[in-house]
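Q: This one is model_30.txt, compact mmCIF, N, CA and C atoms and all ligand atoms.
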```txt
# COMPACT_ATOMS: atom_id res chain seq x y z
N MET A 1 74.97 90.86 123.08
CA MET A 1 75.67 89.78 122.36
C MET A 1 75.39 89.87 120.87
N LYS A 2 76.44 90.02 120.08
CA LYS A 2 76.27 90.08 118.63
C LYS A 2 76.21 88.69 118.04
N LYS A 3 75.46 88.59 116.94
CA LYS A 3 75.37 87.32 116.24
C LYS A 3 75.88 87.45 114.82
N CYS A 4 76.30 86.33 114.29
CA CYS A 4 76.77 86.31 112.91
C CYS A 4 75.63 86.74 111.97
N THR A 5 75.93 87.70 111.09
CA THR A 5 74.95 88.20 110.15
C THR A 5 74.48 87.09 109.21
N ASN A 6 75.34 86.16 108.98
CA ASN A 6 75.06 85.12 108.00
C ASN A 6 74.37 83.88 108.59
N CYS A 7 74.91 83.35 109.70
CA CYS A 7 74.39 82.07 110.23
C CYS A 7 73.78 82.20 111.62
N ASN A 8 73.79 83.42 112.19
CA ASN A 8 73.12 83.68 113.46
C ASN A 8 73.78 83.03 114.67
N LYS A 9 75.00 82.59 114.50
CA LYS A 9 75.75 82.03 115.62
C LYS A 9 76.20 83.15 116.56
N ASN A 10 76.23 82.89 117.86
CA ASN A 10 76.76 83.88 118.79
C ASN A 10 78.24 84.09 118.52
N LEU A 11 78.65 85.37 118.52
CA LEU A 11 80.05 85.66 118.20
C LEU A 11 80.88 85.90 119.45
N VAL A 12 82.12 85.46 119.41
CA VAL A 12 83.06 85.79 120.48
C VAL A 12 83.72 87.12 120.13
N LYS A 13 84.37 87.70 121.13
CA LYS A 13 84.97 89.03 120.99
C LYS A 13 85.94 89.13 119.81
N ASP A 14 86.76 88.11 119.66
CA ASP A 14 87.75 88.12 118.58
C ASP A 14 87.08 88.16 117.20
N GLU A 15 85.94 87.47 117.08
CA GLU A 15 85.25 87.45 115.78
C GLU A 15 84.66 88.82 115.46
N ILE A 16 84.15 89.48 116.48
CA ILE A 16 83.62 90.83 116.28
C ILE A 16 84.74 91.78 115.88
N ALA A 17 85.85 91.68 116.61
CA ALA A 17 87.00 92.54 116.32
C ALA A 17 87.53 92.28 114.91
N LEU A 18 87.60 91.01 114.55
CA LEU A 18 88.14 90.67 113.23
C LEU A 18 87.19 91.15 112.12
N SER A 19 85.90 91.05 112.35
CA SER A 19 84.93 91.56 111.37
C SER A 19 85.15 93.04 111.13
N LYS A 20 85.34 93.79 112.22
CA LYS A 20 85.59 95.23 112.08
C LYS A 20 86.86 95.48 111.31
N LYS A 21 87.87 94.69 111.63
CA LYS A 21 89.17 94.86 111.01
C LYS A 21 89.11 94.55 109.51
N MET A 22 88.41 93.49 109.14
CA MET A 22 88.40 93.04 107.76
C MET A 22 87.32 93.71 106.92
N LEU A 23 86.21 94.09 107.55
CA LEU A 23 85.07 94.62 106.80
C LEU A 23 84.93 96.13 106.96
N GLY A 24 85.76 96.70 107.85
CA GLY A 24 85.68 98.14 108.07
C GLY A 24 85.03 98.44 109.40
N LYS A 25 85.56 99.49 110.04
CA LYS A 25 85.14 99.86 111.40
C LYS A 25 83.63 100.05 111.52
N ASN A 26 83.02 100.60 110.48
CA ASN A 26 81.60 100.93 110.57
C ASN A 26 80.70 99.87 109.96
N THR A 27 81.22 98.66 109.83
CA THR A 27 80.44 97.60 109.22
C THR A 27 79.20 97.27 110.04
N LYS A 28 78.12 96.95 109.34
CA LYS A 28 76.91 96.48 110.02
C LYS A 28 76.90 94.96 109.99
N GLN A 29 77.88 94.43 109.30
CA GLN A 29 77.94 93.00 109.11
C GLN A 29 78.99 92.40 110.04
N TYR A 30 78.58 91.44 110.84
CA TYR A 30 79.53 90.74 111.70
C TYR A 30 79.46 89.27 111.39
N LEU A 31 80.60 88.68 111.15
CA LEU A 31 80.61 87.29 110.72
C LEU A 31 81.46 86.43 111.65
N CYS A 32 81.01 85.19 111.87
CA CYS A 32 81.82 84.24 112.62
C CYS A 32 83.01 83.82 111.75
N LEU A 33 83.96 83.12 112.34
CA LEU A 33 85.17 82.75 111.59
C LEU A 33 84.86 81.95 110.34
N GLU A 34 83.90 81.03 110.46
CA GLU A 34 83.53 80.20 109.30
C GLU A 34 83.00 81.06 108.15
N CYS A 35 82.05 81.93 108.48
CA CYS A 35 81.42 82.74 107.44
C CYS A 35 82.39 83.79 106.91
N LEU A 36 83.21 84.34 107.80
CA LEU A 36 84.16 85.35 107.37
C LEU A 36 85.20 84.74 106.42
N SER A 37 85.64 83.54 106.73
CA SER A 37 86.62 82.91 105.85
C SER A 37 86.00 82.59 104.49
N ALA A 38 84.74 82.20 104.47
CA ALA A 38 84.06 81.96 103.20
C ALA A 38 83.89 83.27 102.44
N TYR A 39 83.50 84.31 103.16
CA TYR A 39 83.28 85.63 102.56
C TYR A 39 84.56 86.18 101.95
N LEU A 40 85.68 85.98 102.65
CA LEU A 40 86.95 86.51 102.17
C LEU A 40 87.68 85.51 101.29
N ASN A 41 87.05 84.37 101.11
CA ASN A 41 87.63 83.32 100.28
C ASN A 41 89.00 82.90 100.78
N THR A 42 89.08 82.65 102.09
CA THR A 42 90.34 82.26 102.69
C THR A 42 90.09 81.14 103.70
N ASP A 43 91.13 80.69 104.38
CA ASP A 43 90.97 79.62 105.36
C ASP A 43 90.79 80.16 106.76
N LYS A 44 90.06 79.42 107.56
CA LYS A 44 89.84 79.77 108.96
C LYS A 44 91.19 79.91 109.68
N GLU A 45 92.11 79.01 109.35
CA GLU A 45 93.43 79.02 109.99
C GLU A 45 94.16 80.34 109.73
N ILE A 46 93.98 80.84 108.53
CA ILE A 46 94.64 82.11 108.18
C ILE A 46 94.05 83.26 108.99
N LEU A 47 92.74 83.21 109.21
CA LEU A 47 92.10 84.25 110.02
C LEU A 47 92.57 84.15 111.47
N LEU A 48 92.72 82.93 111.97
CA LEU A 48 93.23 82.75 113.34
C LEU A 48 94.63 83.33 113.47
N GLU A 49 95.44 83.11 112.44
CA GLU A 49 96.79 83.68 112.44
C GLU A 49 96.73 85.20 112.43
N LYS A 50 95.78 85.73 111.66
CA LYS A 50 95.63 87.19 111.60
C LYS A 50 95.25 87.76 112.96
N ILE A 51 94.36 87.07 113.66
CA ILE A 51 93.96 87.51 115.00
C ILE A 51 95.19 87.61 115.89
N GLU A 52 96.02 86.56 115.86
CA GLU A 52 97.24 86.56 116.67
C GLU A 52 98.15 87.72 116.27
N GLN A 53 98.24 87.91 114.96
CA GLN A 53 99.09 88.98 114.43
C GLN A 53 98.60 90.35 114.89
N PHE A 54 97.30 90.57 114.80
CA PHE A 54 96.74 91.86 115.23
C PHE A 54 96.96 92.07 116.72
N LYS A 55 96.84 91.00 117.50
CA LYS A 55 97.06 91.10 118.94
C LYS A 55 98.50 91.49 119.23
N GLU A 56 99.43 90.85 118.50
CA GLU A 56 100.85 91.15 118.70
C GLU A 56 101.17 92.59 118.34
N GLU A 57 100.46 93.09 117.31
CA GLU A 57 100.66 94.49 116.91
C GLU A 57 100.04 95.45 117.91
N GLY A 58 99.28 94.90 118.85
CA GLY A 58 98.65 95.73 119.88
C GLY A 58 97.41 96.43 119.38
N CYS A 59 96.75 95.85 118.38
CA CYS A 59 95.52 96.45 117.87
C CYS A 59 94.48 96.57 118.99
N THR A 60 93.97 97.79 119.15
CA THR A 60 93.08 98.06 120.29
C THR A 60 91.75 97.32 120.19
N LEU A 61 91.36 96.91 118.99
CA LEU A 61 90.09 96.19 118.84
C LEU A 61 90.13 94.83 119.53
N PHE A 62 91.34 94.32 119.74
CA PHE A 62 91.47 92.95 120.26
C PHE A 62 91.82 92.88 121.74
N VAL A 63 91.86 94.03 122.38
CA VAL A 63 92.23 94.02 123.80
C VAL A 63 91.11 93.43 124.65
ZN ZN A 101 78.47 82.56 110.63
```
In structure tokens, how does this file's structure come out?
A:
Amino acid sequence: MKKCTNCNKNLVKDEIALSKKMLGKNTKQYLCLECLSAYLNTDKEILLEKIEQFKEEGCTLFV
């Protein structure tokens, strides 16, 4: 089980996949939605939309 690099919260699969997608495949940093949205200076809702979008595109990280 991976934890958020920033706040140590347990991460769900989508958060891990999104971290890879946004921070790069080889990232050592995994962030929960809250921390990732702060890191990217965006809204949590926008990240949720991105997750849906990546799923629709059939991104293999989100299967
Ligand atoms: Zn966090």
Q: Pick out the residues no farther than 6 Å from ligand ZN 101 (chain A), counting all atoms listed in the file, and list them as JSON, numbers by chain.
A: {"A": [4, 5, 6, 7, 8, 9, 31, 32, 33, 34, 35, 36]}
Q: What is the atom C of Ile51 (chain A) to atom C of Thr27 (chain A) distance in Å?
A: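 Those two atoms sit 19.6 Å apart.
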Q: Kindly give the distance, in Å, that separates CA of Glu56 (chain A) and CA of Thr42 (chain A), rounded to a single decimal.
A: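 Computing the Euclidean distance for CA of Glu56 (chain A) and CA of Thr42 (chain A) yields 21.1 Å.
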Q: Determine the axis-aligned bounding box of all atoms of region 37-47 of chain A present in the file, pad each side by 3 Å, and express its centre and edge lengths in Å to one decimal place as lines of an AutoDock Vina configuration file.
A:
```
center_x = 89.0
center_y = 82.8
center_z = 105.9
size_x = 17.4
size_y = 13.5
size_z = 17.2
```
Q: Which is closer to Gln29 (chain A) than all the others in A:Lys50, A:Lys44, A:Lys3, A:Lys55, using all atoms listed in the file?
A: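 Smallest distance to Gln29 (chain A) is found for A:Lys3.
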Q: Of the candidates A:Tyr30, A:Leu47, A:Leu18, A:Leu40, which one gets nearest to Met1 (chain A) if we count only C-alpha atoms?
A: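 Of A:Tyr30, A:Leu47, A:Leu18, A:Leu40, the one nearest Met1 (chain A) is A:Tyr30, counting only C-alpha atoms.
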Q: Could you find all residues in chain A that DSSP calls alpha helix (DSSP H) from the backbone, and write them as a tab-separated table (two decimals) with N, CA and C atoms, in the frame of the given file?
A:
```
chain	number	residue	atom	x	y	z
A	13	LYS	N	84.37	87.70	121.13
A	13	LYS	CA	84.97	89.03	120.99
A	13	LYS	C	85.94	89.13	119.81
A	14	ASP	N	86.76	88.11	119.66
A	14	ASP	CA	87.75	88.12	118.58
A	14	ASP	C	87.08	88.16	117.20
A	15	GLU	N	85.94	87.47	117.08
A	15	GLU	CA	85.25	87.45	115.78
A	15	GLU	C	84.66	88.82	115.46
A	16	ILE	N	84.15	89.48	116.48
A	16	ILE	CA	83.62	90.83	116.28
A	16	ILE	C	84.74	91.78	115.88
A	17	ALA	N	85.85	91.68	116.61
A	17	ALA	CA	87.00	92.54	116.32
A	17	ALA	C	87.53	92.28	114.91
A	18	LEU	N	87.60	91.01	114.55
A	18	LEU	CA	88.14	90.67	113.23
A	18	LEU	C	87.19	91.15	112.12
A	19	SER	N	85.90	91.05	112.35
A	19	SER	CA	84.93	91.56	111.37
A	19	SER	C	85.15	93.04	111.13
A	20	LYS	N	85.34	93.79	112.22
A	20	LYS	CA	85.59	95.23	112.08
A	20	LYS	C	86.86	95.48	111.31
A	21	LYS	N	87.87	94.69	111.63
A	21	LYS	CA	89.17	94.86	111.01
A	21	LYS	C	89.11	94.55	109.51
A	22	MET	N	88.41	93.49	109.14
A	22	MET	CA	88.40	93.04	107.76
A	22	MET	C	87.32	93.71	106.92
A	23	LEU	N	86.21	94.09	107.55
A	23	LEU	CA	85.07	94.62	106.80
A	23	LEU	C	84.93	96.13	106.96
A	33	LEU	N	83.96	83.12	112.34
A	33	LEU	CA	85.17	82.75	111.59
A	33	LEU	C	84.86	81.95	110.34
A	34	GLU	N	83.90	81.03	110.46
A	34	GLU	CA	83.53	80.20	109.30
A	34	GLU	C	83.00	81.06	108.15
A	35	CYS	N	82.05	81.93	108.48
A	35	CYS	CA	81.42	82.74	107.44
A	35	CYS	C	82.39	83.79	106.91
A	36	LEU	N	83.21	84.34	107.80
A	36	LEU	CA	84.16	85.35	107.37
A	36	LEU	C	85.20	84.74	106.42
A	37	SER	N	85.64	83.54	106.73
A	37	SER	CA	86.62	82.91	105.85
A	37	SER	C	86.00	82.59	104.49
A	38	ALA	N	84.74	82.20	104.47
A	38	ALA	CA	84.06	81.96	103.20
A	38	ALA	C	83.89	83.27	102.44
A	39	TYR	N	83.50	84.31	103.16
A	39	TYR	CA	83.28	85.63	102.56
A	39	TYR	C	84.56	86.18	101.95
A	44	LYS	N	90.06	79.42	107.56
A	44	LYS	CA	89.84	79.77	108.96
A	44	LYS	C	91.19	79.91	109.68
A	45	GLU	N	92.11	79.01	109.35
A	45	GLU	CA	93.43	79.02	109.99
A	45	GLU	C	94.16	80.34	109.73
A	46	ILE	N	93.98	80.84	108.53
A	46	ILE	CA	94.64	82.11	108.18
A	46	ILE	C	94.05	83.26	108.99
A	47	LEU	N	92.74	83.21	109.21
A	47	LEU	CA	92.10	84.25	110.02
A	47	LEU	C	92.57	84.15	111.47
A	48	LEU	N	92.72	82.93	111.97
A	48	LEU	CA	93.23	82.75	113.34
A	48	LEU	C	94.63	83.33	113.47
A	49	GLU	N	95.44	83.11	112.44
A	49	GLU	CA	96.79	83.68	112.44
A	49	GLU	C	96.73	85.20	112.43
A	50	LYS	N	95.78	85.73	111.66
A	50	LYS	CA	95.63	87.19	111.60
A	50	LYS	C	95.25	87.76	112.96
A	51	ILE	N	94.36	87.07	113.66
A	51	ILE	CA	93.96	87.51	115.00
A	51	ILE	C	95.19	87.61	115.89
A	52	GLU	N	96.02	86.56	115.86
A	52	GLU	CA	97.24	86.56	116.67
A	52	GLU	C	98.15	87.72	116.27
A	53	GLN	N	98.24	87.91	114.96
A	53	GLN	CA	99.09	88.98	114.43
A	53	GLN	C	98.60	90.35	114.89
A	54	PHE	N	97.30	90.57	114.80
A	54	PHE	CA	96.74	91.86	115.23
A	54	PHE	C	96.96	92.07	116.72
A	55	LYS	N	96.84	91.00	117.50
A	55	LYS	CA	97.06	91.10	118.94
A	55	LYS	C	98.50	91.49	119.23
A	56	GLU	N	99.43	90.85	118.50
A	56	GLU	CA	100.85	91.15	118.70
A	56	GLU	C	101.17	92.59	118.34
```
Q: How many Å separate CA of Lys28 (chain A) from CA of Ile16 (chain A)?
A: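 Between CA of Lys28 (chain A) and CA of Ile16 (chain A) the gap works out to 10.8 Å.
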Q: Restricting the calculation to only C-alpha atoms: of A:Asn26, A:Phe54, A:Ser19, A:Thr60, which residue gets closest to Tyr39 (chain A)?
A: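 Checking each of A:Asn26, A:Phe54, A:Ser19, A:Thr60 against Tyr39 (chain A), counting only C-alpha atoms, the winner is A:Ser19.
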